[in-house]
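Asker: Can you read through this structure? Questions will come right after.
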Amino acid sequence: MNNDDLDEAVQVIAAAETVALACHVAPDGDALGSMLGLHHLCRSVGKHSIASWPTPFVVAPHYTYLPGLDLATPPEEFPSAPAVMITFDCGSLARLGDLAASATNAGTLIVLDHHVSNDRYGTINVIDVDAAATAVVVRALAERLGWELTRDAAMCLYTGLV
């Protein structure tokens, strides 16, 4: 992971009034866990965040235990041009489905991922191909921001690892 990219992401997130968070279509545990983990962390420090994933706006039954699913915003209510948007575990704009336009229109687009195949479509790309999961990248980001893990954030990030 490039520390300069991580530092740049930290500066943008710290300065942002609101961050829009999105993961890929048909989200798996890493996508959901990473996104919801950062959503919980934002809320714990008083930073406004919006979290969503593309249509269909459903999750597999084995993820319904994740704290924060009830806090997610349906994709039709997601901002069309967020000032700061962060994607999780998403290797390309195409994987964002109906949220791809929001990513294209974002003032700053931060991509957090661990896949070597990532298209690096963001303004800032924080990609650690040596990480076991995007959840590891989110944990590094939280540490750099000085944000302590909450129980709910830890549960989400653990899901991302598993």
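Residue numbers start at 1 in each chain; chains themselves are named A, B, ... in the order of the structure tokens; ligands are numbered from 1 in the order shown.
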Quick one: which range 5-55 of chain A residues come within 10 Å of range 94-111 of chain A, and what is the nearest atom pair for each with the distance in Å to one decimal, counting only C-alpha atoms, rows ordered by chain and ascending number, as CSV?
Answerer:
residue,atom,partner,partner_atom,distance
A:Asp5,CA,A:Ile110,CA,9.4
A:Leu6,CA,A:Ile110,CA,9.7
A:Glu8,CA,A:Ile110,CA,9.5
A:Ala9,CA,A:Ile110,CA,6.7
A:Val12,CA,A:Thr108,CA,8.1
A:Ile13,CA,A:Ile110,CA,9.2
A:Val19,CA,A:Thr108,CA,9.9
A:Ala20,CA,A:Ala106,CA,9.2
A:Leu21,CA,A:Ile110,CA,9.5
A:Ala22,CA,A:Leu99,CA,7.7
A:Cys23,CA,A:Leu96,CA,6.8
A:His24,CA,A:Leu96,CA,4.9
A:Val25,CA,A:Leu96,CA,5.9
A:Ala26,CA,A:Arg95,CA,9.2
A:Pro27,CA,A:Arg95,CA,9.9
A:Ser52,CA,A:Leu99,CA,8.7
A:Trp53,CA,A:Leu99,CA,7.3
A:Pro54,CA,A:Gly97,CA,5.5
A:Thr55,CA,A:Asp98,CA,6.7
Asker: Give the helix (DSSP H, G or I) residues of chain A, as DSSP finds them on the backbone, and put them as a VMD selection string.
Answerer: chain A and resid 3 to 15 29 to 44 61 to 63 69 to 71 75 to 77 93 to 105 134 to 145 151 to 161
Asker: Using Å and a single decimal, report how far CA of Ala135 in chain A sits from CA of Ser34 in chain A.
Answerer: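 Separating CA of Ser34 in chain A from CA of Ala135 in chain A is a distance of 4.8 Å.
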Asker: Nearest residue to Gly68 in chain A out of A:Ala142, A:Ala14, A:Ala153, A:Ala133, using only C-alpha atoms?
Answerer: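 Selected residue with least distance to Gly68 in chain A: A:Ala153.
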Asker: Taking the DSSP assignment computed from this structure's backbone, write out as a PDB file with all heavy atoms, in the first residue's frame all residues of range 2-102 of chain A that belong to strand (DSSP E).
Answerer:
ATOM      1  N   THR A  18     -19.163  15.453   4.793  1.00  0.00           N
ATOM      2  CA  THR A  18     -19.920  14.214   4.588  1.00  0.00           C
ATOM      3  C   THR A  18     -19.127  13.317   3.661  1.00  0.00           C
ATOM      4  O   THR A  18     -18.489  13.792   2.723  1.00  0.00           O
ATOM      5  CB  THR A  18     -21.291  14.518   3.930  1.00  0.00           C
ATOM      6  OG1 THR A  18     -22.038  15.368   4.783  1.00  0.00           O
ATOM      7  CG2 THR A  18     -22.083  13.248   3.678  1.00  0.00           C
ATOM      8  N   VAL A  19     -19.185  12.010   3.920  1.00  0.00           N
ATOM      9  CA  VAL A  19     -18.585  11.049   3.000  1.00  0.00           C
ATOM     10  C   VAL A  19     -19.672  10.071   2.551  1.00  0.00           C
ATOM     11  O   VAL A  19     -20.480   9.608   3.355  1.00  0.00           O
ATOM     12  CB  VAL A  19     -17.378  10.295   3.608  1.00  0.00           C
ATOM     13  CG1 VAL A  19     -16.189  11.210   3.769  1.00  0.00           C
ATOM     14  CG2 VAL A  19     -17.713   9.648   4.920  1.00  0.00           C
ATOM     15  N   ALA A  20     -19.693   9.807   1.255  1.00  0.00           N
ATOM     16  CA  ALA A  20     -20.632   8.858   0.667  1.00  0.00           C
ATOM     17  C   ALA A  20     -19.888   7.551   0.444  1.00  0.00           C
ATOM     18  O   ALA A  20     -18.842   7.534  -0.220  1.00  0.00           O
ATOM     19  CB  ALA A  20     -21.191   9.411  -0.638  1.00  0.00           C
ATOM     20  N   LEU A  21     -20.394   6.459   0.999  1.00  0.00           N
ATOM     21  CA  LEU A  21     -19.725   5.168   0.981  1.00  0.00           C
ATOM     22  C   LEU A  21     -20.506   4.193   0.113  1.00  0.00           C
ATOM     23  O   LEU A  21     -21.732   4.099   0.239  1.00  0.00           O
ATOM     24  CB  LEU A  21     -19.627   4.608   2.398  1.00  0.00           C
ATOM     25  CG  LEU A  21     -19.159   5.566   3.506  1.00  0.00           C
ATOM     26  CD1 LEU A  21     -19.254   4.890   4.863  1.00  0.00           C
ATOM     27  CD2 LEU A  21     -17.754   6.057   3.225  1.00  0.00           C
ATOM     28  N   ALA A  22     -19.821   3.460  -0.743  1.00  0.00           N
ATOM     29  CA  ALA A  22     -20.499   2.500  -1.619  1.00  0.00           C
ATOM     30  C   ALA A  22     -19.629   1.276  -1.860  1.00  0.00           C
ATOM     31  O   ALA A  22     -18.409   1.382  -1.984  1.00  0.00           O
ATOM     32  CB  ALA A  22     -20.835   3.150  -2.957  1.00  0.00           C
ATOM     33  N   CYS A  23     -20.292   0.136  -1.929  1.00  0.00           N
ATOM     34  CA  CYS A  23     -19.597  -1.089  -2.300  1.00  0.00           C
ATOM     35  C   CYS A  23     -20.243  -1.673  -3.549  1.00  0.00           C
ATOM     36  O   CYS A  23     -21.201  -1.114  -4.079  1.00  0.00           O
ATOM     37  CB  CYS A  23     -19.562  -2.089  -1.144  1.00  0.00           C
ATOM     38  SG  CYS A  23     -21.163  -2.678  -0.557  1.00  0.00           S
ATOM     39  N   HIS A  48     -20.615  12.837   9.299  1.00  0.00           N
ATOM     40  CA  HIS A  48     -21.796  12.368   8.586  1.00  0.00           C
ATOM     41  C   HIS A  48     -21.374  11.469   7.431  1.00  0.00           C
ATOM     42  O   HIS A  48     -20.466  11.812   6.665  1.00  0.00           O
ATOM     43  CB  HIS A  48     -22.610  13.565   8.063  1.00  0.00           C
ATOM     44  CG  HIS A  48     -23.895  13.159   7.438  1.00  0.00           C
ATOM     45  ND1 HIS A  48     -24.068  13.116   6.084  1.00  0.00           N
ATOM     46  CD2 HIS A  48     -25.066  12.748   7.993  1.00  0.00           C
ATOM     47  CE1 HIS A  48     -25.295  12.711   5.824  1.00  0.00           C
ATOM     48  NE2 HIS A  48     -25.927  12.479   6.963  1.00  0.00           N
ATOM     49  N   SER A  49     -22.022  10.323   7.315  1.00  0.00           N
ATOM     50  CA  SER A  49     -21.740   9.414   6.208  1.00  0.00           C
ATOM     51  C   SER A  49     -23.028   8.769   5.724  1.00  0.00           C
ATOM     52  O   SER A  49     -24.005   8.658   6.475  1.00  0.00           O
ATOM     53  CB  SER A  49     -20.720   8.340   6.614  1.00  0.00           C
ATOM     54  OG  SER A  49     -21.204   7.548   7.673  1.00  0.00           O
ATOM     55  N   ILE A  50     -23.003   8.394   4.470  1.00  0.00           N
ATOM     56  CA  ILE A  50     -24.116   7.725   3.809  1.00  0.00           C
ATOM     57  C   ILE A  50     -23.534   6.456   3.217  1.00  0.00           C
ATOM     58  O   ILE A  50     -22.497   6.505   2.543  1.00  0.00           O
ATOM     59  CB  ILE A  50     -24.693   8.618   2.688  1.00  0.00           C
ATOM     60  CG1 ILE A  50     -25.215   9.919   3.257  1.00  0.00           C
ATOM     61  CG2 ILE A  50     -25.767   7.887   1.898  1.00  0.00           C
ATOM     62  CD1 ILE A  50     -25.382  11.010   2.215  1.00  0.00           C
ATOM     63  N   ALA A  51     -24.170   5.310   3.445  1.00  0.00           N
ATOM     64  CA  ALA A  51     -23.652   4.038   2.944  1.00  0.00           C
ATOM     65  C   ALA A  51     -24.707   3.338   2.092  1.00  0.00           C
ATOM     66  O   ALA A  51     -25.882   3.296   2.467  1.00  0.00           O
ATOM     67  CB  ALA A  51     -23.242   3.144   4.108  1.00  0.00           C
ATOM     68  N   SER A  52     -24.271   2.779   0.963  1.00  0.00           N
ATOM     69  CA  SER A  52     -25.206   2.098   0.073  1.00  0.00           C
ATOM     70  C   SER A  52     -24.468   1.114  -0.831  1.00  0.00           C
ATOM     71  O   SER A  52     -23.242   1.067  -0.846  1.00  0.00           O
ATOM     72  CB  SER A  52     -25.958   3.120  -0.793  1.00  0.00           C
ATOM     73  OG  SER A  52     -27.040   2.496  -1.472  1.00  0.00           O
ATOM     74  N   VAL A  84     -17.231  13.909  -1.562  1.00  0.00           N
ATOM     75  CA  VAL A  84     -16.263  12.845  -1.290  1.00  0.00           C
ATOM     76  C   VAL A  84     -17.012  11.519  -1.305  1.00  0.00           C
ATOM     77  O   VAL A  84     -17.992  11.347  -0.583  1.00  0.00           O
ATOM     78  CB  VAL A  84     -15.556  13.028   0.067  1.00  0.00           C
ATOM     79  CG1 VAL A  84     -14.621  11.855   0.351  1.00  0.00           C
ATOM     80  CG2 VAL A  84     -14.793  14.342   0.110  1.00  0.00           C
ATOM     81  N   MET A  85     -16.537  10.611  -2.118  1.00  0.00           N
ATOM     82  CA  MET A  85     -17.121   9.266  -2.191  1.00  0.00           C
ATOM     83  C   MET A  85     -16.012   8.250  -2.015  1.00  0.00           C
ATOM     84  O   MET A  85     -14.897   8.443  -2.513  1.00  0.00           O
ATOM     85  CB  MET A  85     -17.832   9.051  -3.523  1.00  0.00           C
ATOM     86  CG  MET A  85     -18.501   7.707  -3.656  1.00  0.00           C
ATOM     87  SD  MET A  85     -19.544   7.672  -5.149  1.00  0.00           S
ATOM     88  CE  MET A  85     -19.931   5.920  -5.223  1.00  0.00           C
ATOM     89  N   ILE A  86     -16.316   7.181  -1.295  1.00  0.00           N
ATOM     90  CA  ILE A  86     -15.352   6.104  -1.057  1.00  0.00           C
ATOM     91  C   ILE A  86     -15.989   4.796  -1.513  1.00  0.00           C
ATOM     92  O   ILE A  86     -17.131   4.505  -1.151  1.00  0.00           O
ATOM     93  CB  ILE A  86     -14.967   6.004   0.435  1.00  0.00           C
ATOM     94  CG1 ILE A  86     -14.452   7.350   0.951  1.00  0.00           C
ATOM     95  CG2 ILE A  86     -13.933   4.903   0.646  1.00  0.00           C
ATOM     96  CD1 ILE A  86     -14.256   7.397   2.467  1.00  0.00           C
ATOM     97  N   THR A  87     -15.252   4.018  -2.308  1.00  0.00           N
ATOM     98  CA  THR A  87     -15.726   2.697  -2.702  1.00  0.00           C
ATOM     99  C   THR A  87     -14.895   1.630  -1.999  1.00  0.00           C
ATOM    100  O   THR A  87     -13.735   1.851  -1.654  1.00  0.00           O
ATOM    101  CB  THR A  87     -15.670   2.489  -4.225  1.00  0.00           C
ATOM    102  OG1 THR A  87     -14.305   2.493  -4.661  1.00  0.00           O
ATOM    103  CG2 THR A  87     -16.481   3.562  -4.949  1.00  0.00           C
ATOM    104  N   PHE A  88     -15.510   0.469  -1.814  1.00  0.00           N
ATOM    105  CA  PHE A  88     -14.911  -0.616  -1.035  1.00  0.00           C
ATOM    106  C   PHE A  88     -14.931  -1.923  -1.813  1.00  0.00           C
ATOM    107  O   PHE A  88     -15.990  -2.339  -2.301  1.00  0.00           O
ATOM    108  CB  PHE A  88     -15.705  -0.821   0.274  1.00  0.00           C
ATOM    109  CG  PHE A  88     -15.727   0.388   1.141  1.00  0.00           C
ATOM    110  CD1 PHE A  88     -16.641   1.412   0.900  1.00  0.00           C
ATOM    111  CD2 PHE A  88     -14.836   0.540   2.191  1.00  0.00           C
ATOM    112  CE1 PHE A  88     -16.668   2.550   1.689  1.00  0.00           C
ATOM    113  CE2 PHE A  88     -14.859   1.680   2.985  1.00  0.00           C
ATOM    114  CZ  PHE A  88     -15.772   2.680   2.730  1.00  0.00           C
TER     115      PHE A  88
END
